[in-house]
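Here's model04.txt, which has compact mmCIF, C-alpha atoms and all ligand atoms:
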# COMPACT_ATOMS: atom_id res chain seq x y z
CA MET D 1 23.40 -30.27 100.38
CA VAL D 2 26.00 -32.67 101.68
CA LYS D 3 29.10 -30.88 102.93
CA PHE D 4 32.65 -32.13 103.23
CA VAL D 5 35.36 -30.34 105.21
CA SER D 6 38.84 -31.45 106.17
CA LEU D 7 39.56 -30.04 109.63
CA SER D 8 43.19 -31.17 109.58
CA SER D 9 45.16 -33.62 107.46
CA GLY D 10 48.62 -35.11 108.02
CA SER D 11 50.85 -36.53 110.72
CA ASN D 12 50.03 -33.53 112.94
CA GLY D 13 46.40 -34.66 113.12
CA ASN D 14 43.54 -35.95 111.00
CA CYS D 15 39.87 -35.12 111.23
CA TYR D 16 37.33 -34.94 108.41
CA TYR D 17 33.65 -33.94 108.43
CA ILE D 18 30.72 -35.03 106.29
CA GLY D 19 27.26 -33.75 107.06
CA ASN D 20 24.04 -32.03 106.15
CA GLU D 21 21.40 -30.15 108.15
CA TYR D 22 20.30 -33.37 109.91
CA THR D 23 23.43 -35.34 110.68
CA GLY D 24 27.17 -34.89 110.77
CA LEU D 25 29.94 -37.41 111.20
CA LEU D 26 33.66 -37.22 111.75
CA ILE D 27 36.22 -39.53 110.26
CA ASP D 28 38.94 -39.72 112.94
CA ALA D 29 39.54 -37.24 115.75
CA GLY D 30 43.26 -36.57 115.72
CA ILE D 31 43.24 -32.90 116.71
CA GLY D 32 42.16 -31.25 119.96
CA PRO D 33 38.44 -31.11 120.76
CA ARG D 34 38.47 -27.31 121.02
CA THR D 35 40.07 -27.05 117.59
CA ILE D 36 37.47 -29.39 116.10
CA LYS D 37 34.66 -27.34 117.63
CA LYS D 38 36.18 -24.00 116.57
CA ARG D 39 36.92 -25.03 112.98
CA LEU D 40 33.43 -26.45 112.56
CA LEU D 41 31.80 -23.36 114.05
CA GLU D 42 33.84 -21.07 111.79
CA ARG D 43 32.14 -22.89 108.93
CA GLY D 44 28.68 -22.60 110.48
CA ILE D 45 28.56 -26.18 111.77
CA PRO D 46 27.61 -26.53 115.47
CA MET D 47 29.33 -29.36 117.34
CA ASN D 48 26.01 -30.83 118.47
CA THR D 49 25.21 -31.80 114.88
CA ILE D 50 28.01 -34.39 115.06
CA LYS D 51 26.24 -37.70 115.68
CA PHE D 52 29.06 -40.23 115.40
CA VAL D 53 32.73 -40.88 114.61
CA LEU D 54 34.32 -43.42 112.27
CA VAL D 55 37.83 -44.53 113.21
CA THR D 56 40.42 -45.57 110.63
CA HIS D 57 43.17 -46.81 112.99
CA ASP D 58 44.82 -46.41 116.37
CA HIS D 59 47.67 -44.02 115.55
CA ILE D 60 47.68 -40.90 117.69
CA ASP D 61 47.31 -38.51 114.75
CA HIS D 62 43.88 -40.10 114.20
CA ILE D 63 42.56 -40.67 117.72
CA LYS D 64 44.13 -37.96 119.90
CA SER D 65 40.81 -36.53 121.09
CA LEU D 66 38.57 -39.52 120.43
CA GLY D 67 38.34 -40.43 124.13
CA ILE D 68 37.52 -36.88 125.19
CA LEU D 69 34.92 -36.49 122.45
CA ALA D 70 33.24 -39.79 123.27
CA ASP D 71 33.36 -39.05 126.99
CA ARG D 72 32.06 -35.46 126.81
CA VAL D 73 29.79 -35.52 123.82
CA ASP D 74 28.70 -39.15 124.30
CA ILE D 75 28.45 -40.05 120.63
CA PRO D 76 28.92 -43.51 119.09
CA VAL D 77 32.43 -44.45 117.98
CA TYR D 78 32.41 -46.93 115.09
CA ALA D 79 35.44 -49.18 114.61
CA THR D 80 36.16 -52.82 113.92
CA GLU D 81 36.24 -55.25 116.82
CA ARG D 82 40.06 -55.47 116.64
CA LEU D 83 40.36 -51.70 116.71
CA HIS D 84 37.99 -51.36 119.64
CA THR D 85 40.09 -53.86 121.59
CA ALA D 86 43.18 -51.75 120.83
CA LEU D 87 41.35 -48.54 121.72
CA SER D 88 40.31 -49.97 125.08
CA ASN D 89 44.04 -50.25 125.92
CA HIS D 90 45.27 -47.03 124.30
CA PHE D 91 46.09 -44.12 126.64
CA CYS D 92 43.95 -41.73 124.55
CA THR D 93 40.81 -43.79 124.81
CA ARG D 94 41.22 -46.23 127.71
CA GLY D 95 38.11 -46.21 129.91
CA LYS D 96 36.58 -43.36 127.90
CA LEU D 97 34.52 -45.02 125.19
CA GLY D 98 32.07 -46.70 127.59
CA GLY D 99 28.68 -46.86 125.95
CA CYS D 100 30.00 -45.27 122.76
CA VAL D 101 31.42 -48.50 121.32
CA ARG D 102 29.90 -49.57 118.00
CA LYS D 103 31.54 -52.54 116.36
CA THR D 104 31.63 -52.54 112.59
CA VAL D 105 31.82 -55.46 110.19
CA LEU D 106 34.43 -55.40 107.45
CA ASP D 107 33.62 -55.55 103.76
CA GLN D 108 29.89 -55.01 104.10
CA PHE D 109 27.49 -52.15 104.63
CA ASN D 110 27.11 -50.96 108.21
CA VAL D 111 23.94 -48.91 108.56
CA TYR D 112 23.63 -45.75 110.65
CA ASP D 113 20.21 -44.88 109.30
CA GLU D 114 18.33 -45.24 106.04
CA ASN D 115 20.39 -42.48 104.38
CA ILE D 116 23.83 -43.17 105.82
CA ARG D 117 25.77 -46.40 105.42
CA PHE D 118 29.41 -47.28 105.13
CA ILE D 119 31.80 -50.14 104.39
CA PRO D 120 35.14 -50.42 106.24
CA PHE D 121 37.87 -52.24 104.29
CA VAL D 122 41.34 -53.21 105.49
CA VAL D 123 44.34 -51.38 104.07
CA PRO D 124 48.02 -52.18 104.70
CA HIS D 125 49.46 -49.89 107.39
CA ASP D 126 51.46 -50.42 110.56
CA ALA D 127 48.72 -49.90 113.15
CA THR D 128 46.78 -52.66 114.99
CA GLN D 129 44.40 -52.64 112.06
CA THR D 130 43.75 -49.91 109.53
CA VAL D 131 40.66 -49.42 107.43
CA GLY D 132 39.54 -47.19 104.63
CA TYR D 133 35.88 -46.25 104.36
CA TYR D 134 33.43 -46.24 101.51
CA ILE D 135 30.55 -44.03 102.70
CA GLU D 136 27.17 -43.34 101.15
CA PHE D 137 25.73 -40.19 102.71
CA TYR D 138 22.33 -39.16 101.38
CA GLY D 139 23.34 -40.72 98.09
CA VAL D 140 26.73 -38.98 97.81
CA LYS D 141 29.57 -41.49 97.72
CA PHE D 142 32.87 -40.87 99.46
CA THR D 143 35.95 -43.10 99.68
CA PHE D 144 38.57 -42.40 102.36
CA VAL D 145 42.07 -43.87 102.30
CA THR D 146 44.05 -41.78 104.77
CA ASP D 147 47.00 -44.03 105.61
CA ALA D 148 48.01 -46.99 103.45
CA GLY D 149 51.37 -48.50 102.56
CA ASN D 150 50.43 -50.08 99.29
CA ILE D 151 47.82 -50.31 96.56
CA THR D 152 45.24 -53.05 97.06
CA ASP D 153 42.36 -54.32 94.95
CA ASP D 154 39.94 -53.02 97.61
CA ILE D 155 41.41 -49.52 97.47
CA VAL D 156 40.96 -49.47 93.69
CA LYS D 157 37.50 -51.09 93.93
CA TYR D 158 36.08 -48.59 96.41
CA SER D 159 37.83 -45.64 94.77
CA SER D 160 36.11 -46.69 91.55
CA LYS D 161 32.66 -46.20 93.10
CA CYS D 162 32.89 -42.76 94.70
CA ASN D 163 31.98 -39.20 93.79
CA ALA D 164 34.66 -37.81 96.09
CA LEU D 165 37.95 -39.59 96.71
CA ILE D 166 40.00 -38.62 99.76
CA LEU D 167 43.31 -40.33 99.09
CA GLU D 168 46.68 -40.23 100.80
CA SER D 169 49.52 -38.76 98.76
CA ASN D 170 52.19 -38.83 101.42
CA TYR D 171 55.61 -38.47 99.85
CA ASP D 172 57.64 -37.79 96.78
CA LEU D 173 60.09 -40.70 96.57
CA ASP D 174 63.09 -38.58 95.52
CA MET D 175 62.47 -36.09 98.33
CA LEU D 176 62.15 -38.90 100.87
CA LEU D 177 65.25 -40.81 99.74
CA GLY D 178 67.32 -37.64 99.42
CA GLY D 179 66.11 -36.16 102.69
CA GLY D 180 67.30 -36.33 106.26
CA TYR D 181 65.20 -39.20 107.64
CA THR D 182 67.10 -42.17 109.07
CA PRO D 183 67.35 -45.28 106.88
CA GLU D 184 65.02 -47.06 109.33
CA LEU D 185 62.35 -44.37 109.01
CA LYS D 186 62.67 -44.29 105.20
CA LEU D 187 62.15 -48.05 105.20
CA ARG D 188 59.17 -47.80 107.56
CA ILE D 189 57.45 -45.38 105.18
CA THR D 190 58.19 -47.22 101.93
CA LYS D 191 58.17 -50.92 102.80
CA GLY D 192 54.51 -51.63 102.04
CA ASN D 193 52.67 -50.89 105.27
CA GLY D 194 53.71 -47.28 105.76
CA HIS D 195 52.40 -44.57 103.47
CA LEU D 196 51.46 -44.00 99.83
CA SER D 197 53.91 -42.21 97.55
CA ASN D 198 52.69 -39.69 94.99
CA GLU D 199 53.40 -42.30 92.30
CA GLN D 200 51.27 -44.94 94.03
CA THR D 201 48.50 -42.38 94.46
CA CYS D 202 48.70 -41.63 90.73
CA SER D 203 48.44 -45.32 89.95
CA ILE D 204 45.24 -45.57 92.03
CA ILE D 205 43.82 -42.51 90.28
CA ARG D 206 44.62 -43.94 86.85
CA ARG D 207 42.95 -47.25 87.72
CA ALA D 208 39.95 -45.87 89.62
CA ARG D 209 39.00 -42.75 87.70
CA HIS D 210 35.44 -42.90 86.38
CA LYS D 211 32.92 -40.40 85.11
CA GLU D 212 31.03 -39.98 88.41
CA MET D 213 34.19 -39.03 90.29
CA SER D 214 33.94 -35.25 90.57
CA HIS D 215 36.44 -34.52 93.37
CA ILE D 216 39.84 -35.84 94.40
CA PHE D 217 41.33 -34.58 97.66
CA LEU D 218 44.95 -35.47 98.35
CA CYS D 219 45.40 -36.04 102.08
CA HIS D 220 48.09 -36.81 104.68
CA LEU D 221 50.84 -35.01 102.73
CA SER D 222 54.25 -35.20 104.41
CA GLU D 223 55.62 -31.89 105.60
CA ASN D 224 59.22 -32.90 104.87
CA ASN D 225 58.97 -35.20 101.87
CA ASN D 226 56.31 -33.61 99.69
CA THR D 227 54.80 -30.32 98.65
CA PRO D 228 51.17 -29.65 97.73
CA SER D 229 52.23 -28.48 94.26
CA ILE D 230 54.31 -31.59 93.50
CA ALA D 231 51.52 -33.88 94.70
CA VAL D 232 48.83 -32.07 92.71
CA LYS D 233 50.99 -31.85 89.59
CA SER D 234 51.58 -35.59 89.52
CA ALA D 235 47.92 -36.39 90.25
CA PHE D 236 46.85 -34.00 87.49
CA GLN D 237 49.17 -35.74 85.03
CA ALA D 238 47.71 -39.09 86.10
CA LEU D 239 44.19 -37.81 85.40
CA GLU D 240 45.29 -36.33 82.08
CA SER D 241 46.82 -39.63 81.04
CA VAL D 242 43.46 -41.40 81.35
CA ALA D 243 41.23 -38.65 79.97
CA LYS D 244 41.87 -35.04 78.99
CA ASP D 245 38.38 -34.00 80.06
CA ALA D 246 38.89 -35.64 83.47
CA ALA D 247 41.84 -33.40 84.22
CA ARG D 248 39.74 -30.40 83.26
CA ASP D 249 36.50 -31.39 84.99
CA VAL D 250 37.60 -33.00 88.25
CA VAL D 251 38.20 -30.79 91.29
CA LEU D 252 41.68 -31.85 92.41
CA LEU D 253 43.03 -30.30 95.60
CA PRO D 254 45.54 -30.98 98.38
CA LEU D 255 44.11 -30.84 101.90
CA PRO D 256 45.93 -28.43 104.20
CA ARG D 257 47.98 -29.85 107.06
CA ARG D 258 47.46 -27.29 109.81
CA THR D 259 44.23 -25.57 108.87
CA ALA D 260 40.78 -26.58 107.77
CA SER D 261 39.85 -26.71 104.11
CA ASP D 262 37.02 -24.85 102.47
CA ILE D 263 33.56 -26.41 102.56
CA PHE D 264 32.77 -28.54 99.52
CA GLU D 265 29.12 -29.16 98.70
CA PHE D 266 27.47 -32.07 96.92
CA GLN D 267 23.89 -32.40 95.77
CA GLU D 268 22.02 -35.06 97.69
CA ARG D 269 20.97 -37.99 95.51
CA VAL D 270 18.08 -39.52 97.43
ZN ZN S 301 48.23 -40.82 109.96
ZN ZN S 302 48.85 -44.13 110.67
This entry written out as structure tokens:
Amino acid sequence: MVKFVSLSSGSNGNCYYIGNEYTGLLIDAGIGPRTIKKRLLERGIPMNTIKFVLVTHDHIDHIKSLGILADRVDIPVYATERLHTALSNHFCTRGKLGGCVRKTVLDQFNVYDENIRFIPFVVPHDATQTVGYYIEFYGVKFTFVTDAGNITDDIVKYSSKCNALILESNYDLDMLLGGGYTPELKLRITKGNGHLSNEQTCSIIRRARHKEMSHIFLCHLSENNNTPSIAVKSAFQALESVAKDAARDVVLLPLPRRTASDIFEFQERV
């Protein structure tokens, strides 16, 4: 079985696991290395099964422990050339990636082994460069969009291919505009290269929903400008609007901010 676990999701730290009995990978490493190890072990996953890390972008909530992991565990770190250049200058990762650097090519399959391949695609966000990932892992298809300021054709395209969609649903617009953030911060979030609102997330779901999509996980929820129930309610309505059976059949869940999620299992398709 292929397993998916979110170890943490949100501005306090992001780290997601996909793996089976042979290989495990992390998407981002934005929480402490001890926490990663502990949360994996609590779910029966030893740290030494992690074989590599995929990086989405160079914000601290995604790379906090990347340098330590690469240094100590000595596993490959996959990122685009632009991101690796940024990581070589970032205080979290400077001088620590050494032989772990693996440069990825955008918009095409990058191959880890015959059963694991992935496509990074650029999404609009205010880091050096930010990518989403479309991942095929032993035939199970995942699409990750953890931080994005707007809907793009690529986001819809890759979301339309996956069995499990991990999609940002950062803020409720009314909560954000009526809340206590400064006007500058509100603008940073909403201006197109910040984060996805619940409404934008719903629009992606409406456009990308297809019969093979069995799971939707809402990630990177704002602590101040959203609630899990508001985000799920709007996503559920979006699913219902495209197909009644979709709303009933799809597993739709928010990923917790400060704890790990349950383990979700998918039948291998190879
Ligand atoms: Zn983030
Ligand atoms: Zn970010």
When you count all atoms listed in the file, which of these residues is closest to ligand ZN 301 (chain S): D:Ala127, D:Ile216, D:Cys202, D:Leu41?
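Among D:Ala127, D:Ile216, D:Cys202, D:Leu41, it is D:Ala127 that comes nearest to ligand ZN 301 (chain S).
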Top pick for closest residue to Arg43 in chain D, considering D:Ile204, D:Ala260, D:Thr190, D:Leu26 and counting only C-alpha atoms
D:Ala260
What separates CA of Cys162 in chain D and CA of His62 in chain D is a distance of 22.5 Å
Which polymer residues have any atom within 8 Å of an atom of Arg209 in chain D, counting only C-alpha atoms, with same-chain residues fewer than 3 positions away left out, as a ChimeraX atom specification?
/D:159-160,205-206,213,239,242
Store the residues picked out above in a file with C-alpha atoms, as a tab-separated table (two decimals), in the frame of the given file.
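Here's the written file part_30.tsv:
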chain	number	residue	atom	x	y	z
D	159	SER	CA	37.83	-45.64	94.77
D	160	SER	CA	36.11	-46.69	91.55
D	205	ILE	CA	43.82	-42.51	90.28
D	206	ARG	CA	44.62	-43.94	86.85
D	213	MET	CA	34.19	-39.03	90.29
D	239	LEU	CA	44.19	-37.81	85.40
D	242	VAL	CA	43.46	-41.40	81.35
Please write as an MDAnalysis selection string the list of polymer residues whose atoms come within 12 Å of (26.5, -41.9, 100.2), counting all atoms listed in the file and keeping to the coordinates of the file.
chainID D and resid 2:4 18:20 109 111:119 133:143 161:164 266:270
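With all atoms listed in the file as the atoms that count, the minimum distance from ligand ZN 301 (chain S) to the choices D:Thr146, D:Thr152, D:Thr259, D:Asn89 is reached by D:Thr146.
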Within 12 Å of ligand ZN 301 (chain S), which residues of chain D come that close, and what is the closest atom pair and distance in Å for each? Count only C-alpha atoms and all ligand atoms and give it as JSON lines.
{"residue": "D:Ser8", "atom": "CA", "partner": "S:ZN301", "partner_atom": "ZN", "distance": 10.9}
{"residue": "D:Ser9", "atom": "CA", "partner": "S:ZN301", "partner_atom": "ZN", "distance": 8.2}
{"residue": "D:Gly10", "atom": "CA", "partner": "S:ZN301", "partner_atom": "ZN", "distance": 6.0}
{"residue": "D:Ser11", "atom": "CA", "partner": "S:ZN301", "partner_atom": "ZN", "distance": 5.1}
{"residue": "D:Asn12", "atom": "CA", "partner": "S:ZN301", "partner_atom": "ZN", "distance": 8.1}
{"residue": "D:Gly13", "atom": "CA", "partner": "S:ZN301", "partner_atom": "ZN", "distance": 7.2}
{"residue": "D:Asn14", "atom": "CA", "partner": "S:ZN301", "partner_atom": "ZN", "distance": 6.8}
{"residue": "D:Cys15", "atom": "CA", "partner": "S:ZN301", "partner_atom": "ZN", "distance": 10.2}
{"residue": "D:Asp28", "atom": "CA", "partner": "S:ZN301", "partner_atom": "ZN", "distance": 9.8}
{"residue": "D:Ala29", "atom": "CA", "partner": "S:ZN301", "partner_atom": "ZN", "distance": 11.0}
{"residue": "D:Gly30", "atom": "CA", "partner": "S:ZN301", "partner_atom": "ZN", "distance": 8.7}
{"residue": "D:Ile31", "atom": "CA", "partner": "S:ZN301", "partner_atom": "ZN", "distance": 11.5}
{"residue": "D:Val55", "atom": "CA", "partner": "S:ZN301", "partner_atom": "ZN", "distance": 11.5}
{"residue": "D:Thr56", "atom": "CA", "partner": "S:ZN301", "partner_atom": "ZN", "distance": 9.2}
{"residue": "D:His57", "atom": "CA", "partner": "S:ZN301", "partner_atom": "ZN", "distance": 8.4}
{"residue": "D:Asp58", "atom": "CA", "partner": "S:ZN301", "partner_atom": "ZN", "distance": 9.2}
{"residue": "D:His59", "atom": "CA", "partner": "S:ZN301", "partner_atom": "ZN", "distance": 6.5}
{"residue": "D:Ile60", "atom": "CA", "partner": "S:ZN301", "partner_atom": "ZN", "distance": 7.7}
{"residue": "D:Asp61", "atom": "CA", "partner": "S:ZN301", "partner_atom": "ZN", "distance": 5.4}
{"residue": "D:His62", "atom": "CA", "partner": "S:ZN301", "partner_atom": "ZN", "distance": 6.1}
{"residue": "D:Ile63", "atom": "CA", "partner": "S:ZN301", "partner_atom": "ZN", "distance": 9.6}
{"residue": "D:Lys64", "atom": "CA", "partner": "S:ZN301", "partner_atom": "ZN", "distance": 11.1}
{"residue": "D:His125", "atom": "CA", "partner": "S:ZN301", "partner_atom": "ZN", "distance": 9.5}
{"residue": "D:Asp126", "atom": "CA", "partner": "S:ZN301", "partner_atom": "ZN", "distance": 10.1}
{"residue": "D:Ala127", "atom": "CA", "partner": "S:ZN301", "partner_atom": "ZN", "distance": 9.6}
{"residue": "D:Thr130", "atom": "CA", "partner": "S:ZN301", "partner_atom": "ZN", "distance": 10.1}
{"residue": "D:Val131", "atom": "CA", "partner": "S:ZN301", "partner_atom": "ZN", "distance": 11.7}
{"residue": "D:Val145", "atom": "CA", "partner": "S:ZN301", "partner_atom": "ZN", "distance": 10.3}
{"residue": "D:Thr146", "atom": "CA", "partner": "S:ZN301", "partner_atom": "ZN", "distance": 6.7}
{"residue": "D:Asp147", "atom": "CA", "partner": "S:ZN301", "partner_atom": "ZN", "distance": 5.5}
{"residue": "D:Ala148", "atom": "CA", "partner": "S:ZN301", "partner_atom": "ZN", "distance": 9.0}
{"residue": "D:Gly149", "atom": "CA", "partner": "S:ZN301", "partner_atom": "ZN", "distance": 11.1}
{"residue": "D:Leu167", "atom": "CA", "partner": "S:ZN301", "partner_atom": "ZN", "distance": 11.9}
{"residue": "D:Glu168", "atom": "CA", "partner": "S:ZN301", "partner_atom": "ZN", "distance": 9.3}
{"residue": "D:Ser169", "atom": "CA", "partner": "S:ZN301", "partner_atom": "ZN", "distance": 11.5}
{"residue": "D:Asn170", "atom": "CA", "partner": "S:ZN301", "partner_atom": "ZN", "distance": 9.6}
{"residue": "D:Ile189", "atom": "CA", "partner": "S:ZN301", "partner_atom": "ZN", "distance": 11.3}
{"residue": "D:Asn193", "atom": "CA", "partner": "S:ZN301", "partner_atom": "ZN", "distance": 12.0}
{"residue": "D:Gly194", "atom": "CA", "partner": "S:ZN301", "partner_atom": "ZN", "distance": 9.5}
{"residue": "D:His195", "atom": "CA", "partner": "S:ZN301", "partner_atom": "ZN", "distance": 8.6}
{"residue": "D:Leu196", "atom": "CA", "partner": "S:ZN301", "partner_atom": "ZN", "distance": 11.1}
{"residue": "D:Cys219", "atom": "CA", "partner": "S:ZN301", "partner_atom": "ZN", "distance": 9.6}
{"residue": "D:His220", "atom": "CA", "partner": "S:ZN301", "partner_atom": "ZN", "distance": 6.6}
{"residue": "D:Leu221", "atom": "CA", "partner": "S:ZN301", "partner_atom": "ZN", "distance": 9.6}
{"residue": "D:Ser222", "atom": "CA", "partner": "S:ZN301", "partner_atom": "ZN", "distance": 9.9}
{"residue": "D:Arg257", "atom": "CA", "partner": "S:ZN301", "partner_atom": "ZN", "distance": 11.3}
Do you have the CA of Tyr78 in chain D-CA of Val101 in chain D distance handy?
6.5 Å
At a cut-off of 9 Å, using only C-alpha atoms, what residues contact range 226-232 of chain D? Leave out same-chain residues fewer than 3 positions from it and give the result as a ChimeraX atom specification.
/D:169-173,175-176,198-199,218,221-223,235-237,252-256
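Closest approach to ligand ZN 302 (chain S) among D:Gly178, D:Pro183, D:Gly99, D:Pro124 is made by D:Pro124 (distances from only C-alpha atoms and all ligand atoms).
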Residues near Lys103 in chain D, cut-off 6 Å, only C-alpha atoms, skip fewer than 4 positions along chain, as a list in words
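The residues satisfying every condition are Tyr78, Ala79, Thr80 and Glu81 of chain D.
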Nearby residues (only C-alpha atoms) at most 12 Å from Glu42 in chain D, same-chain spacing under 2 positions excluded, as a VMD selection string
chain D and resid 5 7 35 to 40 44 to 47 259 to 263
Go ahead and save the picked residues with C-alpha atoms, as a short mmCIF file (atom, residue, chain, number, x, y, z; two decimals), in the coordinates of the input.
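Result file is selection_9.cif:
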data_model
loop_
_atom_site.label_atom_id
_atom_site.label_comp_id
_atom_site.auth_asym_id
_atom_site.auth_seq_id
_atom_site.Cartn_x
_atom_site.Cartn_y
_atom_site.Cartn_z
CA VAL D 5 35.36 -30.34 105.21
CA LEU D 7 39.56 -30.04 109.63
CA THR D 35 40.07 -27.05 117.59
CA ILE D 36 37.47 -29.39 116.10
CA LYS D 37 34.66 -27.34 117.63
CA LYS D 38 36.18 -24.00 116.57
CA ARG D 39 36.92 -25.03 112.98
CA LEU D 40 33.43 -26.45 112.56
CA GLY D 44 28.68 -22.60 110.48
CA ILE D 45 28.56 -26.18 111.77
CA PRO D 46 27.61 -26.53 115.47
CA MET D 47 29.33 -29.36 117.34
CA THR D 259 44.23 -25.57 108.87
CA ALA D 260 40.78 -26.58 107.77
CA SER D 261 39.85 -26.71 104.11
CA ASP D 262 37.02 -24.85 102.47
CA ILE D 263 33.56 -26.41 102.56
#
Rank nothing, just name the residue among D:Lys233, D:Arg188, D:Lys244, D:Lys157 nearest to ligand ZN 302 (chain S), using only C-alpha atoms and all ligand atoms.
D:Arg188
